[in-house]
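Below is one structure, written out as structure tokens, with a few remarks after it.
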Amino acid sequence: MAGWLRSLVGALLLLEVAAALSFRHHRYEEMVQALFRVQSLCPFITRIYSIGRSVEGRHLYVLEFSDYPGIHEPLEPEFKYVGNMHGNEVLGRELLLQLSEFLCEEYRRRNERITRLIHDTRIHIMPSMNPDGYEVAAKQGPDSNGYLTGRNNANGVDLNRNFPDLNTLMYYSGEISGPNHHIPLPDNWKSQVEPETLAVIQWISSYNFVLSANLHGGAVVANYPYDKSQDQRFRSHRRTVNTPTPDDKLFQKLAKTYSYAHSWMHRGWNCGDYFADGITNGASWYSLSKGMQDFNYLYTNCFEITLELSCNKFPPKEDLERQWMANREALVAFIEEVHQGIKGIVSDNNNNGIAGAVISVQGISHDVTSGDMGDYFRLLLPGTYTVTASAEGYQPQTVTTTVGPAAPSLVHFQLKQDVVRKPPERKASGTRTNNKALQKKVVPRATRRGTQR
């Protein structure tokens with residue numbers, strides 16, 4: 001009897017999985033049901049949360065995969081995928097639903113690669129950043145969908161042109177030897193962004209994301225920062241000027257990881273365009289202002305690329321299975337790229353983690369910072385690097401380390417507190433000393449260095 005029941009349960013599970021993996025377009029309610037179905041099938045490794053609501057009140061749901069859902073484990077990197085930023089570019093939305101079901105099912109099957117990935121990575125998947133725009137596009141469907149129908153949010157705003165323009169601030173600060181990382185937001189930024197954009201900014205400010213991709217359609221290419229050209233004299237949307245980041249070679253490697261794992265992206269010729277190796281610098285393609293991938297790089301620790309995945313923005317359901325098979329390996333391989341470079345913990349003499357410590361790599365003018373627990377992650381290509389950790393009130397520490405191709409190197413820092421000389425006591429004769437001015441004079445310069453950030 002027990003064996004018969006086990007066979008019946010197994011057959012029902014196979015039927016359930018087969019139904020879950022059907023290839024079709026999902027309207028908002030169906031998308032939500034698909035996410036909660038995955039969560040119910042894999043309750044111990046998943047969590048669903050909302051980062052906010054769209055203009056029309058739809059939740060912006062995220063499905064998280066982790067061996068400890070809802071908890072950041074020290075030295076475990078945070079990764080994210082964001083789909084459907086443009087409402088009528090729908091393939092990414094469906095691919096991320098398929099990926100969610102795939103990760104769950106392969107974990108249940110004890111697939112060693114997927115199990116290790118989920119145990120070693122905290123993965124966040126947002127299938128739709130623009131659910132309102134999707135509903136507009138879906139009403140027309142694949143056959144009669146206009147090129148721009150549903151692209152914007154319910155307020156008619158292109159969300160990938162809606163983030164604070166930190167590029168202009170960075171290009172200006174570069175002329176005056178200012179930072180090109182963790183650039184502060186303008187004072188009035190909240191009044192200039194849409195609810196969906198605000199939710200994403202607050203989201204990426206709350207998690208110490210290391211690597212990310214946002215999924216688009218209309219071309220087939222892996223696009224990496226910068227998206228906005230530094231040449232401010234030209235305002236044309238189609239102006240093409242290669243504008244690399246300080247991490248240009250690393251970004252090229254990340255983009256190639258996806259393009260070469262994809263069935264045909266790496267071939268270059270797609271949708272009437274040619275991109276060598278299936279990758280492009282964003283500004284070299286065309287200059288884009290206020291985009292999400294540049295914002296991630298300039299405001300947070302996150303390295304993000306943009307994946308253009310289909311010539312047809314709204315492909316018919318008959319094409320979804322072929323697209324899934326073309327992208328499945330690439331989606332998994334790109335997540336694995338979060339495990340490279342160096343990582344470690346910045347602590348004090350009492351082994352307490354130091355949050356907000358700055359990790360600088362000699363020769364690369366782009367820093368990252370440690371998270372709330374003091375752990376940091378710095379993506380790097382294989383090679384030998386000189387790395388410095390610094391924090392206000394502490395003496396900086398510099399080490400030389402070698403990064404290999406297989407896994408991140410562990411590089412921990414333990415910083416010593418700066419010793420500040422006390423000002424001299426007042427003289428017995430009663431002569432008054434300006435203690436405030438004196439303290440300012442004798443405090444070592446190193447203790448004030450971090451206040452400019």
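Each chain in the structure tokens gets a letter, A, B and so on, in the order shown; residues start at 1 in every chain, and ligands are counted from 1 in the order they appear.
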If we count only C-alpha atoms, what is near A:Leu331 at a cut-off of 9 Å, once residues fewer than 6 positions away on the same chain are taken out, given as a ChimeraX atom specification? /A:95-96,99,258,261-262
Could you please take those selected residues and save N, CA and C atoms as a PDB file, in the first residue's frame?
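Now in part03.pdb:
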```pdb
ATOM      1  N   LEU A  95      10.935  34.247 -19.329  1.00  0.00           N
ATOM      2  CA  LEU A  95      12.158  33.496 -19.038  1.00  0.00           C
ATOM      3  C   LEU A  95      12.427  33.425 -17.541  1.00  0.00           C
ATOM      4  N   LEU A  96      12.157  34.516 -16.820  1.00  0.00           N
ATOM      5  CA  LEU A  96      12.414  34.514 -15.375  1.00  0.00           C
ATOM      6  C   LEU A  96      11.415  33.632 -14.632  1.00  0.00           C
ATOM      7  N   LEU A  99      12.826  30.253 -15.317  1.00  0.00           N
ATOM      8  CA  LEU A  99      14.033  30.057 -14.509  1.00  0.00           C
ATOM      9  C   LEU A  99      13.670  29.734 -13.071  1.00  0.00           C
ATOM     10  N   TYR A 258      27.409  35.617 -20.921  1.00  0.00           N
ATOM     11  CA  TYR A 258      26.024  35.386 -21.333  1.00  0.00           C
ATOM     12  C   TYR A 258      25.940  35.092 -22.824  1.00  0.00           C
ATOM     13  N   ALA A 261      27.140  31.610 -23.808  1.00  0.00           N
ATOM     14  CA  ALA A 261      26.312  30.529 -23.270  1.00  0.00           C
ATOM     15  C   ALA A 261      24.941  30.502 -23.946  1.00  0.00           C
ATOM     16  N   HIS A 262      24.585  31.599 -24.617  1.00  0.00           N
ATOM     17  CA  HIS A 262      23.343  31.690 -25.375  1.00  0.00           C
ATOM     18  C   HIS A 262      23.515  30.957 -26.707  1.00  0.00           C
TER      19      HIS A 262
END
```
Contacts of A:Val200 at 9 Å (only C-alpha atoms; same-chain gap of 6+ positions) as an mmCIF file with N, CA, C and O atoms, in the first residue's frame:
```
data_model
loop_
_atom_site.group_PDB
_atom_site.id
_atom_site.type_symbol
_atom_site.label_atom_id
_atom_site.label_comp_id
_atom_site.auth_asym_id
_atom_site.auth_seq_id
_atom_site.Cartn_x
_atom_site.Cartn_y
_atom_site.Cartn_z
ATOM 1 N N ILE A 51 8.565 44.786 -3.291
ATOM 2 C CA ILE A 51 9.391 45.966 -3.023
ATOM 3 C C ILE A 51 8.572 47.251 -3.116
ATOM 4 O O ILE A 51 9.100 48.336 -2.876
ATOM 5 N N GLY A 52 7.308 47.138 -3.479
ATOM 6 C CA GLY A 52 6.451 48.323 -3.612
ATOM 7 C C GLY A 52 5.343 48.047 -4.609
ATOM 8 O O GLY A 52 5.093 46.895 -4.982
ATOM 9 N N MET A 129 9.054 44.556 -13.658
ATOM 10 C CA MET A 129 9.202 45.864 -13.028
ATOM 11 C C MET A 129 8.110 46.819 -13.491
ATOM 12 O O MET A 129 7.865 47.843 -12.871
#
```
Handout entry: Top pick for closest residue to A:Arg108, considering A:Cys42, A:Val62, A:Leu159, A:Ile279 and counting only C-alpha atoms
Key =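 Among the listed residues, A:Cys42 lies closest to A:Arg108.
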Here atom CA of A:Leu60 and atom CA of A:Met265 stand apart by 29.2 Å
Please extract the residues of stretch 191-333 of chain A with a backbone DSSP assignment of alpha helix (DSSP H) and present them as a VMD selection string. chain A and resid 195 to 206 248 to 261 282 to 285 292 to 299 320 to 333
_Can you pull out the residues contacting A:Ser365? Cut-off 12 Å, using only C-alpha atoms, and skip same-chain residues under 3 positions away; I want them as a PyMOL selection string._
chain A and resi 170+174+177-182+245-248+298+359-362+368+387
Would you mind listing what lies within 7 Å of stretch 395-403 of chain A as a PyMOL selection string, with only C-alpha atoms counted and same-chain residues fewer than 3 positions away left out? chain A and resi 341-342+382-391+408-409+413+415-418
Selection to disk with N, CA, C and O atoms, as an mmCIF file, in the first residue's frame:
```cif
data_model
loop_
_atom_site.group_PDB
_atom_site.id
_atom_site.type_symbol
_atom_site.label_atom_id
_atom_site.label_comp_id
_atom_site.auth_asym_id
_atom_site.auth_seq_id
_atom_site.Cartn_x
_atom_site.Cartn_y
_atom_site.Cartn_z
ATOM 1 N N GLY A 341 36.656 37.082 -8.314
ATOM 2 C CA GLY A 341 37.297 38.254 -7.716
ATOM 3 C C GLY A 341 37.745 37.992 -6.301
ATOM 4 O O GLY A 341 38.348 36.958 -5.997
ATOM 5 N N ILE A 342 37.453 38.934 -5.409
ATOM 6 C CA ILE A 342 37.813 38.780 -3.997
ATOM 7 C C ILE A 342 36.597 39.102 -3.127
ATOM 8 O O ILE A 342 35.695 39.830 -3.538
ATOM 9 N N PRO A 382 40.985 37.485 -13.269
ATOM 10 C CA PRO A 382 42.191 36.851 -12.725
ATOM 11 C C PRO A 382 43.403 37.768 -12.872
ATOM 12 O O PRO A 382 43.574 38.456 -13.883
ATOM 13 N N GLY A 383 44.238 37.789 -11.853
ATOM 14 C CA GLY A 383 45.422 38.642 -11.853
ATOM 15 C C GLY A 383 45.874 38.925 -10.439
ATOM 16 O O GLY A 383 45.305 38.422 -9.465
ATOM 17 N N THR A 384 46.904 39.751 -10.316
ATOM 18 C CA THR A 384 47.430 40.148 -9.008
ATOM 19 C C THR A 384 47.081 41.608 -8.760
ATOM 20 O O THR A 384 47.296 42.455 -9.641
ATOM 21 N N TYR A 385 46.545 41.896 -7.583
ATOM 22 C CA TYR A 385 46.033 43.231 -7.275
ATOM 23 C C TYR A 385 46.535 43.714 -5.917
ATOM 24 O O TYR A 385 46.754 42.911 -4.993
ATOM 25 N N THR A 386 46.670 45.030 -5.818
ATOM 26 C CA THR A 386 46.947 45.683 -4.544
ATOM 27 C C THR A 386 45.648 46.313 -4.070
ATOM 28 O O THR A 386 45.072 47.164 -4.752
ATOM 29 N N VAL A 387 45.190 45.869 -2.910
ATOM 30 C CA VAL A 387 43.853 46.237 -2.423
ATOM 31 C C VAL A 387 43.978 46.923 -1.071
ATOM 32 O O VAL A 387 44.728 46.468 -0.195
ATOM 33 N N THR A 388 43.234 48.001 -0.888
ATOM 34 C CA THR A 388 43.255 48.757 0.361
ATOM 35 C C THR A 388 41.847 48.854 0.939
ATOM 36 O O THR A 388 40.890 49.133 0.211
ATOM 37 N N ALA A 389 41.736 48.615 2.236
ATOM 38 C CA ALA A 389 40.478 48.818 2.955
ATOM 39 C C ALA A 389 40.661 50.009 3.884
ATOM 40 O O ALA A 389 41.664 50.116 4.601
ATOM 41 N N SER A 390 39.706 50.925 3.878
ATOM 42 C CA SER A 390 39.787 52.108 4.737
ATOM 43 C C SER A 390 38.410 52.431 5.283
ATOM 44 O O SER A 390 37.386 52.136 4.661
ATOM 45 N N ALA A 391 38.376 53.028 6.450
ATOM 46 C CA ALA A 391 37.130 53.443 7.084
ATOM 47 C C ALA A 391 37.430 54.613 8.000
ATOM 48 O O ALA A 391 38.525 54.707 8.583
ATOM 49 N N PRO A 408 36.334 33.033 -5.893
ATOM 50 C CA PRO A 408 36.862 34.270 -5.304
ATOM 51 C C PRO A 408 37.914 33.983 -4.246
ATOM 52 O O PRO A 408 37.852 32.978 -3.532
ATOM 53 N N SER A 409 38.899 34.868 -4.167
ATOM 54 C CA SER A 409 39.926 34.760 -3.129
ATOM 55 C C SER A 409 39.418 35.439 -1.866
ATOM 56 O O SER A 409 38.806 36.510 -1.921
ATOM 57 N N PHE A 413 40.268 41.965 6.200
ATOM 58 C CA PHE A 413 40.989 43.127 6.733
ATOM 59 C C PHE A 413 40.595 43.329 8.191
ATOM 60 O O PHE A 413 39.409 43.240 8.543
ATOM 61 N N LEU A 415 41.146 46.347 10.783
ATOM 62 C CA LEU A 415 41.645 47.720 10.848
ATOM 63 C C LEU A 415 41.841 48.158 12.292
ATOM 64 O O LEU A 415 41.018 47.858 13.164
ATOM 65 N N LYS A 416 42.928 48.884 12.515
ATOM 66 C CA LYS A 416 43.213 49.436 13.834
ATOM 67 C C LYS A 416 42.647 50.853 13.927
ATOM 68 O O LYS A 416 42.701 51.610 12.958
ATOM 69 N N GLN A 417 42.136 51.177 15.089
ATOM 70 C CA GLN A 417 41.595 52.516 15.275
ATOM 71 C C GLN A 417 42.707 53.549 15.272
ATOM 72 O O GLN A 417 43.812 53.295 15.751
ATOM 73 N N ASP A 418 42.384 54.726 14.722
ATOM 74 C CA ASP A 418 43.322 55.834 14.791
ATOM 75 C C ASP A 418 43.445 56.298 16.233
ATOM 76 O O ASP A 418 42.467 56.303 16.991
#
```
### Task
Please identify all polymer residues within 9 Å of A:Val332, counting only C-alpha atoms, omitting same-chain residues fewer than 3 positions from it, and present them as a PyMOL selection string.
chain A and resi 99+114+117+327-329+335-336
Judged by only C-alpha atoms, the minimum distance to A:Glu56 among A:Gly353, A:Gly278, A:Gly133, A:Gly150 is found for A:Gly133
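Backbone DSSP of stretch 217-335 of chain A yields strand (DSSP E) at Ala219, Val220, Val221, Ala222, Asn223, Tyr224, Trp269, Asn270, Asp273, Tyr274, Ile279, Thr280, Asn281, Phe303, Glu304, Ile305, Thr306, Leu307, Glu308, Leu309 and Ser310 of chain A.
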Quick one: distance from atom CA of A:Asp165 to atom CA of A:Ala355 in Å, one decimal?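 It comes out at 26.3 Å.
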Item checked: Polymer residues at most 7 Å from stretch 281-295 of chain A, only C-alpha atoms, same-chain spacing of 3 or more positions, as a list in words ->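 Counting only C-alpha atoms, the residues come to Asn160, Arg161, Asn162, Phe163, Pro164, Asp165, Leu166, Asn223, Tyr224, Pro225, Tyr226, Asp227, Lys228, Ser229, His237, Arg238, Arg239, Thr240, Val241, Asn242, Thr243, Leu298, Tyr299, Glu304, Ile305 and Thr306 of chain A.
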### Message
Report, in Å with one decimal, the straight-line distance from atom CA of A:Gly83 to atom CA of A:Tyr134.
### Response
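Calculated distance between atom CA of A:Gly83 and atom CA of A:Tyr134 is 11.0 Å.
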Using only C-alpha atoms, the residue out of A:Arg267, A:His86, A:Arg322, A:Arg53 with shortest distance to A:Pro195 is A:Arg53
_Here is a test: counting only C-alpha atoms, which residue of A:Ala333, A:Leu91, A:Leu185, A:Ile118 is nearest to A:Pro315?_
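Using only C-alpha atoms, the shortest distance to A:Pro315 belongs to A:Leu91.
If only C-alpha atoms are the atoms counted, then among A:Pro69, A:Pro186, A:Pro244, A:Pro131 the closest residue to A:Gln230 is A:Pro244.
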